[in-house]
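upload.tsv follows (TSV, C-alpha atoms):
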```tsv
chain	number	residue	atom	x	y	z
A	1	MET	CA	158.35	124.77	237.65
A	2	VAL	CA	158.62	122.95	240.99
A	3	ASN	CA	155.74	125.10	242.19
A	4	ILE	CA	153.50	123.83	239.42
A	5	ILE	CA	154.47	120.18	239.89
A	6	TRP	CA	154.03	120.41	243.64
A	7	VAL	CA	150.58	122.00	243.46
A	8	MET	CA	149.51	119.61	240.70
A	9	LEU	CA	150.47	116.56	242.75
A	10	THR	CA	148.45	117.74	245.73
A	11	ALA	CA	145.50	119.18	243.80
A	12	ILE	CA	145.09	116.19	241.47
A	13	GLY	CA	145.35	113.93	244.50
A	14	ILE	CA	142.55	115.74	246.31
A	15	VAL	CA	140.30	115.80	243.22
A	16	PHE	CA	140.96	112.09	242.70
A	17	ALA	CA	140.09	111.42	246.32
A	18	MET	CA	136.72	113.12	245.82
A	19	ILE	CA	135.96	110.95	242.81
A	20	ASN	CA	137.42	107.72	244.19
A	21	GLY	CA	136.08	108.14	247.70
A	22	THR	CA	139.58	107.84	249.16
A	23	MET	CA	139.38	111.01	251.29
A	24	ASN	CA	140.10	108.97	254.40
A	25	GLU	CA	143.38	107.70	253.00
A	26	VAL	CA	144.33	111.19	251.84
A	27	ASN	CA	143.75	112.61	255.30
A	28	GLU	CA	146.02	110.00	256.78
A	29	ALA	CA	148.60	110.54	254.01
A	30	ILE	CA	148.94	114.25	254.79
A	31	PHE	CA	150.07	113.65	258.34
A	32	ASN	CA	152.03	110.49	257.68
A	33	GLY	CA	153.93	112.14	254.83
A	34	ALA	CA	154.97	115.05	257.05
A	35	LYS	CA	155.97	112.74	259.89
A	36	GLU	CA	157.96	110.50	257.57
A	37	ALA	CA	159.88	113.48	256.16
A	38	VAL	CA	160.99	114.67	259.58
A	39	THR	CA	161.95	111.16	260.70
A	40	LEU	CA	163.97	110.81	257.53
A	41	CYS	CA	165.87	114.06	258.06
A	42	ILE	CA	166.76	113.11	261.63
A	43	GLY	CA	168.06	109.81	260.27
A	44	LEU	CA	170.15	111.68	257.69
A	45	ILE	CA	171.99	113.68	260.33
A	46	SER	CA	174.30	110.84	261.35
A	47	ILE	CA	175.80	110.16	257.95
A	48	LEU	CA	175.88	113.79	256.82
A	49	VAL	CA	177.78	114.77	259.94
A	50	PHE	CA	180.20	111.88	259.57
A	51	TRP	CA	180.87	112.37	255.89
A	52	LEU	CA	181.18	116.13	255.86
A	53	GLY	CA	183.54	115.78	258.82
A	54	MET	CA	185.72	113.37	256.84
A	55	MET	CA	185.68	115.65	253.84
A	56	ARG	CA	186.78	118.59	255.95
A	57	ILE	CA	189.85	116.60	256.96
A	58	ALA	CA	190.56	115.82	253.30
A	59	GLU	CA	190.22	119.48	252.43
A	60	ASP	CA	192.46	120.64	255.29
A	61	ALA	CA	195.08	118.05	254.38
A	62	GLY	CA	195.23	119.47	250.85
A	63	LEU	CA	193.85	116.32	249.21
A	64	LEU	CA	191.45	118.30	247.03
A	65	LYS	CA	194.33	120.40	245.69
A	66	ILE	CA	196.41	117.32	244.89
A	67	LEU	CA	193.52	115.72	243.05
A	68	ALA	CA	192.92	118.90	241.14
A	69	SER	CA	196.50	118.98	239.91
A	70	LEU	CA	196.27	115.31	238.89
A	71	PHE	CA	193.28	116.07	236.72
A	72	ARG	CA	194.73	119.22	235.20
A	73	PRO	CA	195.95	117.58	231.95
A	74	ILE	CA	192.49	116.12	231.19
A	75	VAL	CA	190.71	119.33	232.04
A	76	LYS	CA	193.04	121.32	229.79
A	77	LYS	CA	191.79	119.24	226.86
A	78	LEU	CA	188.19	119.90	227.84
A	79	PHE	CA	188.62	123.66	227.96
A	80	PRO	CA	190.90	124.55	225.06
A	81	GLU	CA	189.99	128.24	225.40
A	82	VAL	CA	191.23	128.49	228.99
A	83	PRO	CA	195.00	128.82	229.54
A	84	GLY	CA	196.32	126.09	231.85
A	85	ASP	CA	197.53	128.47	234.53
A	86	HIS	CA	194.48	130.73	234.46
A	87	PRO	CA	192.63	131.12	237.80
A	88	ALA	CA	189.43	129.91	236.06
A	89	MET	CA	191.08	126.51	235.64
A	90	GLY	CA	191.89	126.29	239.35
A	91	TYR	CA	188.38	127.21	240.39
A	92	MET	CA	186.77	124.81	237.92
A	93	LEU	CA	188.96	121.93	239.12
A	94	SER	CA	188.31	122.68	242.79
A	95	ASN	CA	184.58	122.90	242.05
A	96	MET	CA	184.62	119.49	240.35
A	97	MET	CA	186.59	117.96	243.22
A	98	ALA	CA	184.19	119.40	245.79
A	99	ASN	CA	181.29	117.96	243.79
A	100	MET	CA	182.97	114.55	243.66
A	101	PHE	CA	183.19	114.46	247.43
A	102	GLY	CA	179.67	115.64	247.94
A	103	LEU	CA	180.70	119.03	249.31
A	104	GLY	CA	177.78	120.79	247.65
A	105	ASN	CA	178.12	123.87	249.84
A	106	ALA	CA	181.79	124.24	249.02
A	107	ALA	CA	181.22	123.52	245.33
A	108	THR	CA	178.74	126.31	244.65
A	109	PRO	CA	180.96	129.31	245.60
A	110	LEU	CA	183.86	127.74	243.70
A	111	GLY	CA	181.64	127.28	240.65
A	112	ILE	CA	180.51	130.89	240.80
A	113	LYS	CA	184.13	132.06	241.07
A	114	ALA	CA	184.97	129.93	238.04
A	115	MET	CA	182.10	131.49	236.11
A	116	GLU	CA	183.33	134.98	236.99
A	117	GLU	CA	186.78	134.16	235.65
A	118	LEU	CA	185.31	132.59	232.52
A	119	LYS	CA	183.20	135.67	231.95
A	120	GLN	CA	186.32	137.85	232.11
A	121	LEU	CA	188.05	135.53	229.67
A	122	ASN	CA	185.09	136.05	227.38
A	123	GLY	CA	185.51	139.84	227.50
A	124	GLY	CA	182.79	140.35	230.14
A	125	LYS	CA	179.96	139.62	227.70
A	126	ASN	CA	176.62	138.58	229.15
A	127	GLU	CA	176.33	135.53	226.94
A	128	ALA	CA	177.55	132.02	227.69
A	129	SER	CA	180.95	131.14	226.23
A	130	ARG	CA	181.94	127.73	224.97
A	131	SER	CA	183.88	126.97	228.17
A	132	MET	CA	180.94	128.03	230.33
A	133	ILE	CA	178.61	125.62	228.58
A	134	THR	CA	181.13	122.78	228.87
A	135	PHE	CA	181.62	123.56	232.56
A	136	LEU	CA	177.86	123.52	233.15
A	137	ALA	CA	177.39	120.31	231.19
A	138	ILE	CA	179.95	118.56	233.38
A	139	ASN	CA	178.34	119.98	236.49
A	140	THR	CA	174.81	118.95	235.60
A	141	SER	CA	175.83	115.42	234.73
A	142	SER	CA	176.99	115.12	238.35
A	143	LEU	CA	180.40	113.96	239.48
A	144	THR	CA	179.37	112.20	242.69
A	145	LEU	CA	181.95	109.78	244.01
A	146	ILE	CA	180.11	108.89	247.20
A	147	PRO	CA	176.36	109.50	247.15
A	148	THR	CA	176.23	110.21	250.89
A	149	THR	CA	172.61	111.22	251.25
A	150	VAL	CA	171.33	108.28	249.26
A	151	ILE	CA	173.38	105.87	251.38
A	152	ALA	CA	171.91	107.51	254.47
A	153	ILE	CA	168.36	107.04	253.21
A	154	ARG	CA	169.06	103.41	252.37
A	155	MET	CA	170.41	102.81	255.88
A	156	ASN	CA	167.33	104.46	257.30
A	157	TYR	CA	165.11	101.97	255.50
A	158	ASN	CA	167.18	99.00	256.67
A	159	SER	CA	168.89	98.10	253.42
A	160	ALA	CA	170.84	94.84	253.60
A	161	SER	CA	173.77	96.62	251.96
A	162	PRO	CA	173.24	100.37	251.77
A	163	THR	CA	176.50	100.99	249.89
A	164	ASP	CA	176.01	98.47	247.08
A	165	ILE	CA	174.83	101.29	244.82
A	166	VAL	CA	178.16	103.14	245.01
A	167	GLY	CA	179.79	101.18	242.19
A	168	PRO	CA	176.83	101.42	239.81
A	169	THR	CA	176.48	105.13	240.63
A	170	LEU	CA	180.14	105.64	239.72
A	171	VAL	CA	179.71	103.88	236.40
A	172	ALA	CA	176.46	105.74	235.64
A	173	THR	CA	178.05	109.06	236.55
A	174	PHE	CA	180.99	108.29	234.31
A	175	CYS	CA	178.64	107.49	231.42
A	176	SER	CA	176.52	110.60	231.93
A	177	THR	CA	179.57	112.85	232.20
A	178	LEU	CA	181.05	111.33	229.08
A	179	ALA	CA	177.73	111.79	227.30
A	180	ALA	CA	177.51	115.39	228.54
A	181	ILE	CA	180.93	116.14	227.08
A	182	MET	CA	180.03	114.56	223.76
A	183	ILE	CA	176.67	116.38	223.60
A	184	ASP	CA	178.46	119.61	224.44
A	185	ARG	CA	181.00	119.01	221.67
A	186	TYR	CA	178.25	118.20	219.19
A	187	PHE	CA	176.42	121.46	219.92
A	188	TYR	CA	179.70	123.36	219.68
A	189	TYR	CA	180.43	122.01	216.22
A	190	ARG	CA	176.87	122.73	215.15
A	191	ARG	CA	177.30	126.34	216.32
A	192	THR	CA	180.60	126.83	214.54
A	193	ARG	CA	179.24	125.31	211.32
A	194	LYS	CA	176.32	127.75	211.40
A	195	GLY	CA	178.33	130.84	212.34
B	196	MET	CA	179.74	92.94	237.43
B	197	GLU	CA	180.75	91.33	240.74
B	198	ILE	CA	183.72	93.67	240.69
B	199	VAL	CA	181.36	96.62	240.84
B	200	SER	CA	179.74	95.25	243.99
B	201	ALA	CA	183.14	94.55	245.54
B	202	VAL	CA	184.30	98.10	244.80
B	203	SER	CA	181.15	99.41	246.50
B	204	LEU	CA	181.98	97.44	249.64
B	205	TRP	CA	185.67	98.39	249.88
B	206	LEU	CA	185.72	101.91	248.53
B	207	ILE	CA	184.30	103.76	251.52
B	208	PRO	CA	186.31	102.14	254.35
B	209	ILE	CA	189.52	102.43	252.34
B	210	LEU	CA	188.83	106.05	251.51
B	211	ILE	CA	188.12	106.87	255.16
B	212	GLY	CA	191.31	105.12	256.31
B	213	PHE	CA	193.30	106.94	253.68
B	214	ILE	CA	191.92	110.36	254.57
B	215	LEU	CA	192.60	109.84	258.28
B	216	ILE	CA	196.16	108.62	257.81
B	217	TYR	CA	196.97	111.22	255.18
B	218	GLY	CA	195.51	113.98	257.36
B	219	THR	CA	197.59	112.84	260.32
B	220	LEU	CA	200.76	112.80	258.21
B	221	LYS	CA	199.97	116.33	257.02
B	222	LYS	CA	199.56	117.38	260.68
B	223	VAL	CA	195.90	118.30	260.28
B	224	PRO	CA	194.10	118.52	263.66
B	225	THR	CA	191.93	115.62	262.44
B	226	TYR	CA	189.42	115.44	265.25
B	227	GLU	CA	188.84	119.20	265.29
B	228	SER	CA	188.56	119.35	261.50
B	229	PHE	CA	186.11	116.47	261.62
B	230	THR	CA	183.83	118.10	264.15
B	231	GLU	CA	183.99	121.46	262.36
B	232	GLY	CA	182.94	119.87	259.08
B	233	GLY	CA	180.35	117.75	260.85
B	234	LYS	CA	178.52	120.80	262.14
B	235	GLU	CA	177.78	121.60	258.51
B	236	GLY	CA	176.00	118.24	258.23
B	237	ILE	CA	173.53	119.13	260.99
B	238	LYS	CA	172.75	122.42	259.26
B	239	ILE	CA	172.10	120.67	255.95
B	240	ALA	CA	169.89	117.95	257.47
B	241	VAL	CA	167.77	120.49	259.33
B	242	SER	CA	167.54	122.86	256.39
B	243	ILE	CA	166.08	120.20	254.08
B	244	ILE	CA	163.22	119.33	256.48
B	245	PRO	CA	160.72	121.81	254.96
B	246	PHE	CA	161.54	120.63	251.42
B	247	LEU	CA	161.05	117.00	252.30
B	248	VAL	CA	157.86	117.63	254.31
B	249	GLY	CA	156.36	119.54	251.39
B	250	MET	CA	157.27	116.99	248.78
B	251	LEU	CA	156.50	113.87	250.78
B	252	VAL	CA	153.06	115.17	251.76
B	253	ALA	CA	152.27	115.95	248.12
B	254	ILE	CA	153.45	112.52	246.93
B	255	SER	CA	151.61	110.76	249.76
B	256	VAL	CA	148.37	112.54	248.89
B	257	PHE	CA	148.85	111.80	245.20
B	258	ARG	CA	149.46	108.12	245.92
B	259	ALA	CA	146.82	107.63	248.64
B	260	SER	CA	144.11	109.12	246.45
B	261	GLY	CA	144.69	106.49	243.79
B	262	ALA	CA	145.83	109.07	241.23
B	263	LEU	CA	149.34	107.63	240.99
B	264	GLU	CA	148.03	104.13	240.22
B	265	TYR	CA	145.73	105.59	237.59
B	266	PHE	CA	148.50	107.40	235.71
B	267	MET	CA	150.90	104.49	236.08
B	268	ASP	CA	148.35	102.19	234.48
B	269	LEU	CA	148.14	104.57	231.53
B	270	ILE	CA	151.85	104.59	230.78
B	271	ARG	CA	152.78	101.11	232.03
B	272	PRO	CA	152.54	99.12	228.77
B	273	GLY	CA	154.69	101.53	226.76
B	274	LEU	CA	157.41	101.77	229.39
B	275	TYR	CA	157.59	98.05	230.06
B	276	ALA	CA	158.09	97.52	226.36
B	277	ILE	CA	161.37	99.46	226.56
B	278	GLY	CA	162.36	98.07	229.98
B	279	VAL	CA	161.66	101.14	232.11
B	280	PRO	CA	159.75	100.70	235.39
B	281	PRO	CA	156.97	103.34	235.31
B	282	ASP	CA	157.41	104.19	238.99
B	283	ILE	CA	160.71	105.86	238.19
B	284	VAL	CA	159.18	108.35	235.72
B	285	PRO	CA	158.14	111.06	238.24
B	286	LEU	CA	161.64	111.02	239.75
B	287	ALA	CA	163.27	111.27	236.33
B	288	ILE	CA	161.08	114.29	235.56
B	289	ILE	CA	161.73	116.16	238.80
B	290	ARG	CA	165.46	115.39	239.13
B	291	PRO	CA	166.67	118.22	236.87
B	292	ILE	CA	164.21	120.69	238.41
B	293	SER	CA	164.69	120.35	242.14
B	294	GLY	CA	167.32	118.45	244.08
B	295	THR	CA	165.43	118.43	247.36
B	296	ALA	CA	162.18	117.46	245.67
B	297	ALA	CA	163.99	114.59	243.95
B	298	LEU	CA	165.43	113.55	247.30
B	299	GLY	CA	161.87	113.39	248.62
B	300	MET	CA	160.80	111.20	245.71
B	301	THR	CA	163.82	108.93	246.03
B	302	SER	CA	163.17	108.34	249.72
B	303	ASP	CA	159.51	107.75	248.94
B	304	LEU	CA	160.38	105.14	246.29
B	305	ILE	CA	162.80	103.47	248.69
B	306	ALA	CA	160.20	103.48	251.47
B	307	VAL	CA	157.48	101.99	249.26
B	308	HIS	CA	159.48	99.45	247.26
B	309	GLY	CA	162.28	98.72	249.73
B	310	PRO	CA	165.93	99.85	249.47
B	311	ASP	CA	167.11	96.57	247.94
B	312	SER	CA	164.38	96.31	245.33
B	313	PHE	CA	165.09	97.04	241.69
B	314	ILE	CA	163.23	100.34	241.84
B	315	GLY	CA	164.84	101.27	245.16
B	316	ARG	CA	168.30	100.75	243.72
B	317	LEU	CA	167.45	102.45	240.45
B	318	ALA	CA	166.18	105.50	242.34
B	319	SER	CA	169.38	105.50	244.44
B	320	VAL	CA	171.67	105.38	241.40
B	321	LEU	CA	169.60	107.90	239.47
B	322	GLN	CA	169.74	110.32	242.39
B	323	GLY	CA	173.54	110.06	242.46
B	324	SER	CA	174.28	110.12	238.76
B	325	THR	CA	172.38	113.23	237.67
B	326	ASP	CA	172.21	116.73	239.04
B	327	THR	CA	169.77	119.61	239.37
B	328	THR	CA	170.34	121.22	235.98
B	329	PHE	CA	167.99	124.15	236.52
B	330	TYR	CA	169.56	124.98	239.88
B	331	VAL	CA	173.13	124.85	238.58
B	332	LEU	CA	172.14	126.89	235.56
B	333	THR	CA	170.28	129.64	237.45
B	334	VAL	CA	172.78	129.89	240.30
B	335	TYR	CA	175.97	129.85	238.24
B	336	PHE	CA	174.76	132.00	235.36
B	337	GLY	CA	172.62	134.21	237.59
B	338	ALA	CA	175.50	135.00	239.94
B	339	VAL	CA	177.67	136.42	237.18
B	340	GLY	CA	174.89	137.93	235.08
B	341	ILE	CA	174.86	135.70	232.03
B	342	LYS	CA	171.65	136.49	230.16
B	343	LYS	CA	172.09	134.50	226.95
B	344	MET	CA	172.40	130.86	227.89
B	345	GLY	CA	173.20	129.56	224.43
B	346	ASP	CA	172.93	125.80	224.25
B	347	ALA	CA	173.51	125.38	228.00
B	348	LEU	CA	169.98	124.26	228.91
B	349	LYS	CA	169.70	121.86	225.98
B	350	VAL	CA	173.10	120.33	226.74
B	351	GLY	CA	172.28	120.06	230.45
B	352	LEU	CA	168.92	118.38	229.93
B	353	LEU	CA	170.28	115.96	227.33
B	354	ALA	CA	173.05	115.10	229.78
B	355	ASP	CA	170.38	114.35	232.39
B	356	LEU	CA	168.61	112.10	229.92
B	357	ALA	CA	171.89	110.29	229.28
B	358	GLY	CA	172.30	109.85	233.03
B	359	ILE	CA	168.80	108.40	233.35
B	360	ILE	CA	169.38	105.93	230.52
B	361	ALA	CA	172.80	104.98	231.90
B	362	SER	CA	171.30	104.38	235.35
B	363	ILE	CA	168.58	102.11	234.01
B	364	VAL	CA	171.01	100.10	231.89
B	365	ILE	CA	173.63	99.72	234.62
B	366	VAL	CA	171.22	98.88	237.44
B	367	THR	CA	169.61	96.27	235.20
B	368	LEU	CA	173.02	94.79	234.37
B	369	VAL	CA	174.31	94.75	237.96
B	370	PHE	CA	171.21	93.84	239.94
B	371	GLY	CA	169.22	91.88	237.40
B	372	ASN	CA	165.84	92.60	235.95
B	373	MET	CA	162.73	93.99	237.56
```
Before we go any further, please render this structure as structure tokens.
Amino acid sequence: MVNIIWVMLTAIGIVFAMINGTMNEVNEAIFNGAKEAVTLCIGLISILVFWLGMMRIAEDAGLLKILASLFRPIVKKLFPEVPGDHPAMGYMLSNMMANMFGLGNAATPLGIKAMEELKQLNGGKNEASRSMITFLAINTSSLTLIPTTVIAIRMNYNSASPTDIVGPTLVATFCSTLAAIMIDRYFYYRRTRKG
Amino acid sequence: MEIVSAVSLWLIPILIGFILIYGTLKKVPTYESFTEGGKEGIKIAVSIIPFLVGMLVAISVFRASGALEYFMDLIRPGLYAIGVPPDIVPLAIIRPISGTAALGMTSDLIAVHGPDSFIGRLASVLQGSTDTTFYVLTVYFGAVGIKKMGDALKVGLLADLAGIIASIVIVTLVFGNM
């Protein structure tokens, strides 16, 4: 899918340039776009290093575990099929915490472990269980607490207050997660009514 | 809504202070942990260079040729009627498909419109409040061999849509209109 969109953007652009006579601008755009991307990534290094460093301290201090246990009662309601002390629950909570703190690399292996446990709970079937769909819905609606990379980009482009989007992002994330849970519940009831 | 801005300003410094003090109390070798974790940041920044180069070149070509303007003009009236800035549409489409591609688009929107513009802020919030549905779906289900996805894709994409709508509404409320 990305392949198609990527090629379309470039190909349509070149065809348009032929028609519009903007080949000059396109030539310039190719090299400026590449240069801009590299400059941007170098600018990102500072904040990514700082933030992932901070998060490592939080992880080593056991903060993620404490948060996970705080959220356990809520999560138990979300996943009625999963017993509270099941390893799947632990992995799912750690995955969500890692996502909240922008530890994408730590979140993925935890998410996969959670899926493995959920699959076992579901008798090893190769179809998605109710809990799996709920877990994915929460994951795709994003749980970002601090949108590190976005803040870094804003700093790079000299924003007057690069962090002023943190609050709105939190509220938007809350809304989208809530919506994801409700959509997930709706589809679940539709399934059970049918079957 | 001023509270939201205040929270944005205070949240990060307080969180950092808390992590450092808590880590020290828990006898974590803070400086060493910090540098260990930080190394990861360099890896990530370097590893996204090819993604951003690819996407930013494509967007730059698309825009420089005049194609972007042309398509924006087509959809502009309809989107304005419902309060959606048309420039955000490509980002909203690519966000569920590719995280790095979306990052490229977000930085492009911020570069073109300015980080403190309505569109710049909307792109920032949108980037943070939705996730790469297709990636999460393929990686998580793929890793454990789930073949039948059930309603997962539908639920994920609808959740993305909810995130997009929420972002537009909240950014409009907090930072005023376009």
Practice item. Check the smallest atom-to-atom distance from each of A:Arg130, A:Lys194, A:Lys65, A:Arg72 to chain B using all atoms listed in the file, then report the winner. Key: A:Arg130
Practice item. Excluding Ala29 in chain A and any residue of its chain fewer than 5 positions from it, enumerate the residues within 7 Å of it, using all atoms listed in the file, and give them as a list in words. Key: Val252, Ser255, Val256 and Ala259 of chain B
Using all atoms listed in the file, I'd like every residue of chain B that has an atom within 6 Å of chain A; please write them out as a JSON list (two decimals) with C-alpha atoms, in the frame of the given file.
```json
[["chain", "number", "residue", "atom", "x", "y", "z"],
["B", 199, "VAL", "CA", 181.36, 96.62, 240.84],
["B", 200, "SER", "CA", 179.74, 95.25, 243.99],
["B", 203, "SER", "CA", 181.15, 99.41, 246.50],
["B", 214, "ILE", "CA", 191.92, 110.36, 254.57],
["B", 218, "GLY", "CA", 195.51, 113.98, 257.36],
["B", 221, "LYS", "CA", 199.97, 116.33, 257.02],
["B", 223, "VAL", "CA", 195.90, 118.30, 260.28],
["B", 225, "THR", "CA", 191.93, 115.62, 262.44],
["B", 228, "SER", "CA", 188.56, 119.35, 261.50],
["B", 229, "PHE", "CA", 186.11, 116.47, 261.62],
["B", 230, "THR", "CA", 183.83, 118.10, 264.15],
["B", 232, "GLY", "CA", 182.94, 119.87, 259.08],
["B", 233, "GLY", "CA", 180.35, 117.75, 260.85],
["B", 236, "GLY", "CA", 176.00, 118.24, 258.23],
["B", 237, "ILE", "CA", 173.53, 119.13, 260.99],
["B", 240, "ALA", "CA", 169.89, 117.95, 257.47],
["B", 247, "LEU", "CA", 161.05, 117.00, 252.30],
["B", 248, "VAL", "CA", 157.86, 117.63, 254.31],
["B", 251, "LEU", "CA", 156.50, 113.87, 250.78],
["B", 252, "VAL", "CA", 153.06, 115.17, 251.76],
["B", 253, "ALA", "CA", 152.27, 115.95, 248.12],
["B", 255, "SER", "CA", 151.61, 110.76, 249.76],
["B", 256, "VAL", "CA", 148.37, 112.54, 248.89],
["B", 257, "PHE", "CA", 148.85, 111.80, 245.20],
["B", 259, "ALA", "CA", 146.82, 107.63, 248.64],
["B", 260, "SER", "CA", 144.11, 109.12, 246.45],
["B", 262, "ALA", "CA", 145.83, 109.07, 241.23],
["B", 310, "PRO", "CA", 165.93, 99.85, 249.47],
["B", 311, "ASP", "CA", 167.11, 96.57, 247.94],
["B", 319, "SER", "CA", 169.38, 105.50, 244.44],
["B", 320, "VAL", "CA", 171.67, 105.38, 241.40],
["B", 323, "GLY", "CA", 173.54, 110.06, 242.46],
["B", 324, "SER", "CA", 174.28, 110.12, 238.76],
["B", 325, "THR", "CA", 172.38, 113.23, 237.67],
["B", 326, "ASP", "CA", 172.21, 116.73, 239.04],
["B", 328, "THR", "CA", 170.34, 121.22, 235.98],
["B", 335, "TYR", "CA", 175.97, 129.85, 238.24],
["B", 339, "VAL", "CA", 177.67, 136.42, 237.18],
["B", 341, "ILE", "CA", 174.86, 135.70, 232.03],
["B", 342, "LYS", "CA", 171.65, 136.49, 230.16],
["B", 343, "LYS", "CA", 172.09, 134.50, 226.95],
["B", 344, "MET", "CA", 172.40, 130.86, 227.89],
["B", 345, "GLY", "CA", 173.20, 129.56, 224.43],
["B", 347, "ALA", "CA", 173.51, 125.38, 228.00],
["B", 350, "VAL", "CA", 173.10, 120.33, 226.74],
["B", 351, "GLY", "CA", 172.28, 120.06, 230.45],
["B", 354, "ALA", "CA", 173.05, 115.10, 229.78],
["B", 357, "ALA", "CA", 171.89, 110.29, 229.28],
["B", 358, "GLY", "CA", 172.30, 109.85, 233.03],
["B", 361, "ALA", "CA", 172.80, 104.98, 231.90],
["B", 362, "SER", "CA", 171.30, 104.38, 235.35]]
```
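With only C-alpha atoms taken into account, the protein and nucleic acid residues at most 8 Å from Asn95 in chain A (excluding it and anything under 2 positions from it in its own chain) are Tyr91, Met92, Leu93, Met97, Ala98, Asn99, Ala106, Ala107, Thr108, Leu110 and Gly111 of chain A.
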Check your understanding: Using all atoms listed in the file, which residues sit within 9 Å of Gly315 in chain B once same-chain residues fewer than 2 positions away are excluded, as an MDAnalysis selection string?
Key -> (chainID A and resid 154) or (chainID B and resid 301:302 304:313 317:320)
Dump of C-alpha atoms for the selected residues, as a tab-separated table (two decimals), in the frame of the given file:
```tsv
chain	number	residue	atom	x	y	z
A	154	ARG	CA	169.06	103.41	252.37
B	301	THR	CA	163.82	108.93	246.03
B	302	SER	CA	163.17	108.34	249.72
B	304	LEU	CA	160.38	105.14	246.29
B	305	ILE	CA	162.80	103.47	248.69
B	306	ALA	CA	160.20	103.48	251.47
B	307	VAL	CA	157.48	101.99	249.26
B	308	HIS	CA	159.48	99.45	247.26
B	309	GLY	CA	162.28	98.72	249.73
B	310	PRO	CA	165.93	99.85	249.47
B	311	ASP	CA	167.11	96.57	247.94
B	312	SER	CA	164.38	96.31	245.33
B	313	PHE	CA	165.09	97.04	241.69
B	317	LEU	CA	167.45	102.45	240.45
B	318	ALA	CA	166.18	105.50	242.34
B	319	SER	CA	169.38	105.50	244.44
B	320	VAL	CA	171.67	105.38	241.40
```
